[in-house]
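Enquirer: Input file: work-v8.pdb. Contents: PDB, N, CA and C atoms.
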```pdb
ATOM      1  N   MET A   1     -14.312  23.648 -43.378
ATOM      2  CA  MET A   1     -13.845  22.576 -44.246
ATOM      3  C   MET A   1     -14.295  22.852 -45.677
ATOM      4  N   GLN A   2     -13.394  22.694 -46.622
ATOM      5  CA  GLN A   2     -13.711  22.955 -48.014
ATOM      6  C   GLN A   2     -14.579  21.827 -48.576
ATOM      7  N   ARG A   3     -15.443  22.191 -49.505
ATOM      8  CA  ARG A   3     -16.358  21.202 -50.084
ATOM      9  C   ARG A   3     -15.964  20.837 -51.514
ATOM     10  N   HIS A   4     -15.169  21.658 -52.151
ATOM     11  CA  HIS A   4     -14.797  21.396 -53.543
ATOM     12  C   HIS A   4     -13.336  21.003 -53.634
ATOM     13  N   LYS A   5     -13.039  20.191 -54.636
ATOM     14  CA  LYS A   5     -11.641  19.769 -54.830
ATOM     15  C   LYS A   5     -10.734  20.963 -55.080
ATOM     16  N   SER A   6     -11.220  21.900 -55.865
ATOM     17  CA  SER A   6     -10.389  23.061 -56.181
ATOM     18  C   SER A   6     -10.128  23.897 -54.931
ATOM     19  N   ALA A   7     -11.109  23.988 -54.039
ATOM     20  CA  ALA A   7     -10.924  24.749 -52.799
ATOM     21  C   ALA A   7      -9.937  24.036 -51.885
ATOM     22  N   GLU A   8      -9.970  22.724 -51.855
ATOM     23  CA  GLU A   8      -9.024  21.948 -51.047
ATOM     24  C   GLU A   8      -7.607  22.147 -51.567
ATOM     25  N   LYS A   9      -7.459  22.119 -52.887
ATOM     26  CA  LYS A   9      -6.148  22.307 -53.484
ATOM     27  C   LYS A   9      -5.637  23.721 -53.191
ATOM     28  N   GLU A  10      -6.511  24.703 -53.295
ATOM     29  CA  GLU A  10      -6.121  26.081 -53.022
ATOM     30  C   GLU A  10      -5.679  26.236 -51.569
ATOM     31  N   ALA A  11      -6.342  25.553 -50.657
ATOM     32  CA  ALA A  11      -5.958  25.610 -49.242
ATOM     33  C   ALA A  11      -4.572  25.009 -49.032
ATOM     34  N   ARG A  12      -4.281  23.922 -49.725
ATOM     35  CA  ARG A  12      -2.943  23.316 -49.623
ATOM     36  C   ARG A  12      -1.884  24.263 -50.178
ATOM     37  N   LYS A  13      -2.194  24.912 -51.298
ATOM     38  CA  LYS A  13      -1.256  25.852 -51.898
ATOM     39  C   LYS A  13      -1.015  27.038 -50.979
ATOM     40  N   ASN A  14      -2.084  27.513 -50.340
ATOM     41  CA  ASN A  14      -1.953  28.662 -49.444
ATOM     42  C   ASN A  14      -1.009  28.364 -48.290
ATOM     43  N   ILE A  15      -1.070  27.150 -47.772
ATOM     44  CA  ILE A  15      -0.181  26.761 -46.670
ATOM     45  C   ILE A  15       1.271  26.801 -47.133
ATOM     46  N   LYS A  16       1.538  26.267 -48.314
ATOM     47  CA  LYS A  16       2.902  26.256 -48.850
ATOM     48  C   LYS A  16       3.398  27.672 -49.128
ATOM     49  N   HIS A  17       2.536  28.487 -49.741
ATOM     50  CA  HIS A  17       2.931  29.854 -50.074
ATOM     51  C   HIS A  17       3.166  30.676 -48.809
ATOM     52  N   ASN A  18       2.329  30.452 -47.796
ATOM     53  CA  ASN A  18       2.482  31.167 -46.535
ATOM     54  C   ASN A  18       3.827  30.849 -45.898
ATOM     55  N   ALA A  19       4.208  29.580 -45.924
ATOM     56  CA  ALA A  19       5.497  29.176 -45.349
ATOM     57  C   ALA A  19       6.664  29.799 -46.120
ATOM     58  N   ALA A  20       6.562  29.800 -47.441
ATOM     59  CA  ALA A  20       7.633  30.376 -48.263
ATOM     60  C   ALA A  20       7.739  31.880 -48.030
ATOM     61  N   ASN A  21       6.610  32.559 -47.938
ATOM     62  CA  ASN A  21       6.629  34.010 -47.712
ATOM     63  C   ASN A  21       7.176  34.339 -46.335
ATOM     64  N   ARG A  22       6.830  33.532 -45.332
ATOM     65  CA  ARG A  22       7.328  33.768 -43.976
ATOM     66  C   ARG A  22       8.849  33.628 -43.953
ATOM     67  N   GLU A  23       9.346  32.605 -44.641
ATOM     68  CA  GLU A  23      10.796  32.393 -44.709
ATOM     69  C   GLU A  23      11.491  33.548 -45.423
ATOM     70  N   ALA A  24      10.898  34.003 -46.514
ATOM     71  CA  ALA A  24      11.496  35.091 -47.283
ATOM     72  C   ALA A  24      11.483  36.393 -46.495
ATOM     73  N   ARG A  25      10.391  36.672 -45.772
ATOM     74  CA  ARG A  25      10.326  37.880 -44.946
ATOM     75  C   ARG A  25      11.381  37.838 -43.849
ATOM     76  N   SER A  26      11.570  36.664 -43.273
ATOM     77  CA  SER A  26      12.573  36.509 -42.227
ATOM     78  C   SER A  26      13.973  36.750 -42.792
ATOM     79  N   ARG A  27      14.242  36.206 -43.975
ATOM     80  CA  ARG A  27      15.539  36.392 -44.621
ATOM     81  C   ARG A  27      15.780  37.871 -44.910
ATOM     82  N   LEU A  28      14.742  38.569 -45.351
ATOM     83  CA  LEU A  28      14.842  40.000 -45.651
ATOM     84  C   LEU A  28      15.148  40.799 -44.387
ATOM     85  N   LYS A  29      14.409  40.535 -43.316
ATOM     86  CA  LYS A  29      14.629  41.259 -42.061
ATOM     87  C   LYS A  29      16.024  41.001 -41.507
ATOM     88  N   THR A  30      16.487  39.756 -41.627
ATOM     89  CA  THR A  30      17.814  39.409 -41.129
ATOM     90  C   THR A  30      18.893  40.146 -41.914
ATOM     91  N   ALA A  31      18.730  40.227 -43.226
ATOM     92  CA  ALA A  31      19.713  40.917 -44.060
ATOM     93  C   ALA A  31      19.793  42.397 -43.685
ATOM     94  N   VAL A  32      18.647  43.019 -43.474
ATOM     95  CA  VAL A  32      18.623  44.432 -43.094
ATOM     96  C   VAL A  32      19.261  44.609 -41.720
ATOM     97  N   ARG A  33      18.930  43.724 -40.790
ATOM     98  CA  ARG A  33      19.475  43.803 -39.440
ATOM     99  C   ARG A  33      20.988  43.624 -39.453
ATOM    100  N   ASN A  34      21.485  42.725 -40.310
ATOM    101  CA  ASN A  34      22.933  42.500 -40.387
ATOM    102  C   ASN A  34      23.669  43.767 -40.821
ATOM    103  N   VAL A  35      23.084  44.512 -41.735
ATOM    104  CA  VAL A  35      23.713  45.760 -42.171
ATOM    105  C   VAL A  35      23.706  46.763 -41.025
ATOM    106  N   LEU A  36      22.585  46.892 -40.351
ATOM    107  CA  LEU A  36      22.471  47.886 -39.285
ATOM    108  C   LEU A  36      23.299  47.526 -38.057
ATOM    109  N   ASP A  37      23.601  46.242 -37.878
ATOM    110  CA  ASP A  37      24.420  45.817 -36.742
ATOM    111  C   ASP A  37      25.908  45.919 -37.021
ATOM    112  N   SER A  38      26.276  46.168 -38.273
ATOM    113  CA  SER A  38      27.690  46.264 -38.631
ATOM    114  C   SER A  38      28.304  47.504 -38.000
ATOM    115  N   LYS A  39      29.527  47.328 -37.480
ATOM    116  CA  LYS A  39      30.206  48.449 -36.828
ATOM    117  C   LYS A  39      31.282  49.075 -37.709
ATOM    118  N   ASP A  40      31.918  48.263 -38.578
ATOM    119  CA  ASP A  40      32.949  48.849 -39.450
ATOM    120  C   ASP A  40      32.425  48.915 -40.884
ATOM    121  N   SER A  41      32.947  49.858 -41.636
ATOM    122  CA  SER A  41      32.407  50.130 -42.967
ATOM    123  C   SER A  41      32.674  49.003 -43.957
ATOM    124  N   ALA A  42      33.777  48.278 -43.816
ATOM    125  CA  ALA A  42      34.082  47.191 -44.754
ATOM    126  C   ALA A  42      33.058  46.067 -44.635
ATOM    127  N   LYS A  43      32.785  45.677 -43.404
ATOM    128  CA  LYS A  43      31.791  44.612 -43.190
ATOM    129  C   LYS A  43      30.406  45.087 -43.599
ATOM    130  N   ALA A  44      30.110  46.339 -43.314
ATOM    131  CA  ALA A  44      28.800  46.897 -43.647
ATOM    132  C   ALA A  44      28.585  46.920 -45.155
ATOM    133  N   SER A  45      29.619  47.286 -45.913
ATOM    134  CA  SER A  45      29.456  47.334 -47.368
ATOM    135  C   SER A  45      29.282  45.937 -47.956
ATOM    136  N   ASP A  46      29.933  44.930 -47.363
ATOM    137  CA  ASP A  46      29.734  43.551 -47.817
ATOM    138  C   ASP A  46      28.316  43.085 -47.533
ATOM    139  N   THR A  47      27.839  43.352 -46.331
ATOM    140  CA  THR A  47      26.482  42.929 -45.991
ATOM    141  C   THR A  47      25.448  43.744 -46.762
ATOM    142  N   LEU A  48      25.807  44.970 -47.132
ATOM    143  CA  LEU A  48      24.896  45.796 -47.922
ATOM    144  C   LEU A  48      24.654  45.168 -49.291
ATOM    145  N   LYS A  49      25.709  44.607 -49.898
ATOM    146  CA  LYS A  49      25.558  43.966 -51.205
ATOM    147  C   LYS A  49      24.583  42.801 -51.134
ATOM    148  N   THR A  50      24.720  41.978 -50.101
ATOM    149  CA  THR A  50      23.801  40.843 -49.968
ATOM    150  C   THR A  50      22.387  41.325 -49.654
ATOM    151  N   ALA A  51      22.279  42.383 -48.869
ATOM    152  CA  ALA A  51      20.958  42.926 -48.544
ATOM    153  C   ALA A  51      20.283  43.467 -49.809
ATOM    154  N   TYR A  52      21.049  44.155 -50.653
ATOM    155  CA  TYR A  52      20.504  44.655 -51.917
ATOM    156  C   TYR A  52      19.934  43.504 -52.745
ATOM    157  N   SER A  53      20.695  42.433 -52.820
ATOM    158  CA  SER A  53      20.266  41.281 -53.604
ATOM    159  C   SER A  53      18.962  40.706 -53.059
ATOM    160  N   ILE A  54      18.893  40.546 -51.759
ATOM    161  CA  ILE A  54      17.695  39.967 -51.140
ATOM    162  C   ILE A  54      16.507  40.909 -51.289
ATOM    163  N   ILE A  55      16.736  42.210 -51.162
ATOM    164  CA  ILE A  55      15.648  43.179 -51.329
ATOM    165  C   ILE A  55      15.116  43.130 -52.754
ATOM    166  N   ASP A  56      16.022  43.088 -53.734
ATOM    167  CA  ASP A  56      15.596  43.048 -55.133
ATOM    168  C   ASP A  56      14.827  41.769 -55.448
ATOM    169  N   LYS A  57      15.262  40.643 -54.885
ATOM    170  CA  LYS A  57      14.537  39.388 -55.090
ATOM    171  C   LYS A  57      13.156  39.442 -54.457
ATOM    172  N   SER A  58      13.044  40.129 -53.327
ATOM    173  CA  SER A  58      11.757  40.255 -52.656
ATOM    174  C   SER A  58      10.771  41.058 -53.494
ATOM    175  N   VAL A  59      11.270  42.077 -54.181
ATOM    176  CA  VAL A  59      10.409  42.858 -55.065
ATOM    177  C   VAL A  59       9.996  42.008 -56.255
ATOM    178  N   LYS A  60      10.945  41.284 -56.799
ATOM    179  CA  LYS A  60      10.686  40.463 -57.986
ATOM    180  C   LYS A  60       9.612  39.410 -57.710
ATOM    181  N   THR A  61       9.626  38.826 -56.527
ATOM    182  CA  THR A  61       8.643  37.801 -56.185
ATOM    183  C   THR A  61       7.343  38.390 -55.656
ATOM    184  N   GLY A  62       7.307  39.721 -55.456
ATOM    185  CA  GLY A  62       6.080  40.359 -55.002
ATOM    186  C   GLY A  62       5.913  40.366 -53.498
ATOM    187  N   LEU A  63       6.965  40.069 -52.783
ATOM    188  CA  LEU A  63       6.888  40.041 -51.326
ATOM    189  C   LEU A  63       6.734  41.449 -50.760
ATOM    190  N   ILE A  64       7.470  42.406 -51.325
ATOM    191  CA  ILE A  64       7.348  43.797 -50.897
ATOM    192  C   ILE A  64       7.168  44.675 -52.129
ATOM    193  N   HIS A  65       6.674  45.872 -51.907
ATOM    194  CA  HIS A  65       6.455  46.829 -52.984
ATOM    195  C   HIS A  65       7.790  47.463 -53.386
ATOM    196  N   ALA A  66       7.874  47.894 -54.617
ATOM    197  CA  ALA A  66       9.108  48.480 -55.136
ATOM    198  C   ALA A  66       9.501  49.743 -54.374
ATOM    199  N   ASN A  67       8.522  50.532 -53.955
ATOM    200  CA  ASN A  67       8.843  51.756 -53.207
ATOM    201  C   ASN A  67       9.410  51.435 -51.837
ATOM    202  N   LYS A  68       8.882  50.398 -51.196
ATOM    203  CA  LYS A  68       9.414  49.992 -49.895
ATOM    204  C   LYS A  68      10.860  49.531 -50.062
ATOM    205  N   ALA A  69      11.136  48.810 -51.143
ATOM    206  CA  ALA A  69      12.496  48.359 -51.408
ATOM    207  C   ALA A  69      13.427  49.554 -51.601
ATOM    208  N   ALA A  70      12.967  50.536 -52.342
ATOM    209  CA  ALA A  70      13.781  51.726 -52.583
ATOM    210  C   ALA A  70      14.061  52.461 -51.272
ATOM    211  N   ASN A  71      13.047  52.551 -50.415
ATOM    212  CA  ASN A  71      13.232  53.206 -49.120
ATOM    213  C   ASN A  71      14.245  52.450 -48.266
ATOM    214  N   ASN A  72      14.131  51.124 -48.243
ATOM    215  CA  ASN A  72      15.073  50.304 -47.475
ATOM    216  C   ASN A  72      16.493  50.478 -47.987
ATOM    217  N   LYS A  73      16.661  50.407 -49.295
ATOM    218  CA  LYS A  73      17.988  50.516 -49.882
ATOM    219  C   LYS A  73      18.591  51.891 -49.609
ATOM    220  N   SER A  74      17.765  52.922 -49.689
ATOM    221  CA  SER A  74      18.241  54.273 -49.420
ATOM    222  C   SER A  74      18.679  54.412 -47.970
ATOM    223  N   ARG A  75      17.873  53.898 -47.055
ATOM    224  CA  ARG A  75      18.184  53.996 -45.630
ATOM    225  C   ARG A  75      19.469  53.250 -45.298
ATOM    226  N   LEU A  76      19.637  52.050 -45.870
ATOM    227  CA  LEU A  76      20.830  51.255 -45.596
ATOM    228  C   LEU A  76      22.077  51.900 -46.192
ATOM    229  N   THR A  77      21.960  52.446 -47.400
ATOM    230  CA  THR A  77      23.088  53.106 -48.041
ATOM    231  C   THR A  77      23.531  54.323 -47.233
ATOM    232  N   LYS A  78      22.554  55.064 -46.742
ATOM    233  CA  LYS A  78      22.841  56.236 -45.916
ATOM    234  C   LYS A  78      23.584  55.819 -44.642
ATOM    235  N   PHE A  79      23.142  54.718 -44.046
ATOM    236  CA  PHE A  79      23.779  54.220 -42.823
ATOM    237  C   PHE A  79      25.228  53.821 -43.084
ATOM    238  N   VAL A  80      25.464  53.083 -44.169
ATOM    239  CA  VAL A  80      26.817  52.637 -44.506
ATOM    240  C   VAL A  80      27.690  53.840 -44.855
ATOM    241  N   GLY A  81      27.113  54.833 -45.515
ATOM    242  CA  GLY A  81      27.863  56.046 -45.845
ATOM    243  C   GLY A  81      28.322  56.787 -44.600
ATOM    244  N   LYS A  82      27.477  56.808 -43.579
ATOM    245  CA  LYS A  82      27.855  57.472 -42.325
ATOM    246  C   LYS A  82      28.976  56.706 -41.621
ATOM    247  N   LEU A  83      28.967  55.375 -41.754
ATOM    248  CA  LEU A  83      30.046  54.586 -41.154
ATOM    249  C   LEU A  83      31.375  54.859 -41.838
ATOM    250  N   ALA A  84      31.334  55.079 -43.148
ATOM    251  CA  ALA A  84      32.556  55.266 -43.917
ATOM    252  C   ALA A  84      33.223  56.602 -43.601
ATOM    253  N   LYS A  85      32.423  57.621 -43.300
ATOM    254  CA  LYS A  85      32.994  58.939 -42.996
ATOM    255  C   LYS A  85      33.467  58.976 -41.552
ATOM    256  N   PRO A  86      34.612  59.585 -41.320
ATOM    257  CA  PRO A  86      35.027  59.764 -39.922
ATOM    258  C   PRO A  86      34.146  60.812 -39.255
ATOM    259  N   ALA A  87      33.927  60.659 -37.977
ATOM    260  CA  ALA A  87      33.080  61.620 -37.240
ATOM    261  C   ALA A  87      33.800  62.966 -37.170
ATOM    262  N   LYS A  88      33.034  64.014 -37.363
ATOM    263  CA  LYS A  88      33.599  65.373 -37.299
ATOM    264  C   LYS A  88      33.840  65.735 -35.841
ATOM    265  N   PRO A  89      34.991  66.342 -35.546
ATOM    266  CA  PRO A  89      35.208  66.783 -34.166
ATOM    267  C   PRO A  89      34.294  67.939 -33.820
ATOM    268  N   ALA A  90      33.826  67.967 -32.614
ATOM    269  CA  ALA A  90      32.865  68.999 -32.205
ATOM    270  C   ALA A  90      33.532  70.276 -31.788
TER     271      ALA A  90
END
```
Can you dump the structure from the file as structure tokens?
Expert:
Amino acid sequence: MQRHKSAEKEARKNIKHNAANREARSRLKTAVRNVLDSKDSAKASDTLKTAYSIIDKSVKTGLIHANKAANNKSRLTKFVGKLAKPAKPA
């Protein structure tokens, strides 16, 4: 139990921030999953745009590091690019 007013206030803030971060992380994971679950390139490119936006917002708010965002964006772009190309016959 906190003994100071400032510590009590900080504990209340931590609860709110934790909830907001949990929601944002969930939104980020869902956006990435939506891109990876896409089967056709048109839908994948649409979901990629929204995923880019959510990833960039996550970096801006400090939820994830900029390098992690770059890695995610690169991986998703590569995935969508493979969907767009027809498979080579063996």
Enquirer: Mind checking which residues fall within 12 Å of Thr50 of chain A, counting only C-alpha atoms, ignoring those fewer than 5 positions away in the same chain, and posting them as a PDB file with N, CA and C atoms, in the coordinates of the input?
Expert:
```pdb
ATOM      1  N   ARG A  27      14.242  36.206 -43.975  1.00  0.00           N
ATOM      2  CA  ARG A  27      15.539  36.392 -44.621  1.00  0.00           C
ATOM      3  C   ARG A  27      15.780  37.871 -44.910  1.00  0.00           C
ATOM      4  N   LEU A  28      14.742  38.569 -45.351  1.00  0.00           N
ATOM      5  CA  LEU A  28      14.842  40.000 -45.651  1.00  0.00           C
ATOM      6  C   LEU A  28      15.148  40.799 -44.387  1.00  0.00           C
ATOM      7  N   THR A  30      16.487  39.756 -41.627  1.00  0.00           N
ATOM      8  CA  THR A  30      17.814  39.409 -41.129  1.00  0.00           C
ATOM      9  C   THR A  30      18.893  40.146 -41.914  1.00  0.00           C
ATOM     10  N   ALA A  31      18.730  40.227 -43.226  1.00  0.00           N
ATOM     11  CA  ALA A  31      19.713  40.917 -44.060  1.00  0.00           C
ATOM     12  C   ALA A  31      19.793  42.397 -43.685  1.00  0.00           C
ATOM     13  N   VAL A  32      18.647  43.019 -43.474  1.00  0.00           N
ATOM     14  CA  VAL A  32      18.623  44.432 -43.094  1.00  0.00           C
ATOM     15  C   VAL A  32      19.261  44.609 -41.720  1.00  0.00           C
ATOM     16  N   ARG A  33      18.930  43.724 -40.790  1.00  0.00           N
ATOM     17  CA  ARG A  33      19.475  43.803 -39.440  1.00  0.00           C
ATOM     18  C   ARG A  33      20.988  43.624 -39.453  1.00  0.00           C
ATOM     19  N   ASN A  34      21.485  42.725 -40.310  1.00  0.00           N
ATOM     20  CA  ASN A  34      22.933  42.500 -40.387  1.00  0.00           C
ATOM     21  C   ASN A  34      23.669  43.767 -40.821  1.00  0.00           C
ATOM     22  N   VAL A  35      23.084  44.512 -41.735  1.00  0.00           N
ATOM     23  CA  VAL A  35      23.713  45.760 -42.171  1.00  0.00           C
ATOM     24  C   VAL A  35      23.706  46.763 -41.025  1.00  0.00           C
ATOM     25  N   LYS A  43      32.785  45.677 -43.404  1.00  0.00           N
ATOM     26  CA  LYS A  43      31.791  44.612 -43.190  1.00  0.00           C
ATOM     27  C   LYS A  43      30.406  45.087 -43.599  1.00  0.00           C
ATOM     28  N   ALA A  44      30.110  46.339 -43.314  1.00  0.00           N
ATOM     29  CA  ALA A  44      28.800  46.897 -43.647  1.00  0.00           C
ATOM     30  C   ALA A  44      28.585  46.920 -45.155  1.00  0.00           C
ATOM     31  N   SER A  45      29.619  47.286 -45.913  1.00  0.00           N
ATOM     32  CA  SER A  45      29.456  47.334 -47.368  1.00  0.00           C
ATOM     33  C   SER A  45      29.282  45.937 -47.956  1.00  0.00           C
ATOM     34  N   ILE A  55      16.736  42.210 -51.162  1.00  0.00           N
ATOM     35  CA  ILE A  55      15.648  43.179 -51.329  1.00  0.00           C
ATOM     36  C   ILE A  55      15.116  43.130 -52.754  1.00  0.00           C
ATOM     37  N   ASP A  56      16.022  43.088 -53.734  1.00  0.00           N
ATOM     38  CA  ASP A  56      15.596  43.048 -55.133  1.00  0.00           C
ATOM     39  C   ASP A  56      14.827  41.769 -55.448  1.00  0.00           C
ATOM     40  N   LYS A  57      15.262  40.643 -54.885  1.00  0.00           N
ATOM     41  CA  LYS A  57      14.537  39.388 -55.090  1.00  0.00           C
ATOM     42  C   LYS A  57      13.156  39.442 -54.457  1.00  0.00           C
ATOM     43  N   LYS A  73      16.661  50.407 -49.295  1.00  0.00           N
ATOM     44  CA  LYS A  73      17.988  50.516 -49.882  1.00  0.00           C
ATOM     45  C   LYS A  73      18.591  51.891 -49.609  1.00  0.00           C
ATOM     46  N   LEU A  76      19.637  52.050 -45.870  1.00  0.00           N
ATOM     47  CA  LEU A  76      20.830  51.255 -45.596  1.00  0.00           C
ATOM     48  C   LEU A  76      22.077  51.900 -46.192  1.00  0.00           C
TER      49      LEU A  76
END
```
Enquirer: For a test of reading the model, state the distance in Å between atom C of Lys82 of chain A and atom N of Lys68 of chain A, rounded to one decimal.
Expert: 23.1 Å
Enquirer: If I put a ball of radius 10 Å at (28.3, 49.9, -48.0) in the file's coordinates, which residues poke into it when counting only C-alpha atoms, written as a list in words?
Expert: Val35, Asp40, Ser41, Ala42, Lys43, Ala44, Ser45, Asp46, Thr47, Leu48, Lys49, Leu76, Thr77, Lys78, Phe79, Val80, Gly81, Lys82, Leu83 and Ala84 of chain A
Enquirer: I'd like the interatomic distance between atom C of Pro86 of chain A and atom C of Lys29 of chain A, to a tenth of an Å.
Expert: 26.9 Å
Enquirer: Hey, what does DSSP flag as alpha helix (DSSP H) within chain A? Can you give it to me as a VMD selection string?
Expert: chain A and resid 5 to 37 41 to 60 66 to 84
Enquirer: Taking only C-alpha atoms into account, which of A:Ile15, A:Ala7, A:Ala70, A:Ile64 comes nearest Tyr52 of chain A?
Expert: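 The closest residue to Tyr52 of chain A is A:Ala70.
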Enquirer: Can you work out the spacing between atom CA of Gln2 of chain A and atom CA of Lys16 of chain A in Å, to one decimal?
Expert: 17.0 Å
Enquirer: Of the candidates A:Arg3, A:Lys9, A:His17, A:Lys88, which shows the shortest atom-to-atom distance to Thr61 of chain A, using only C-alpha atoms?
Expert: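 So, comparing all the options, the nearest one is A:His17.
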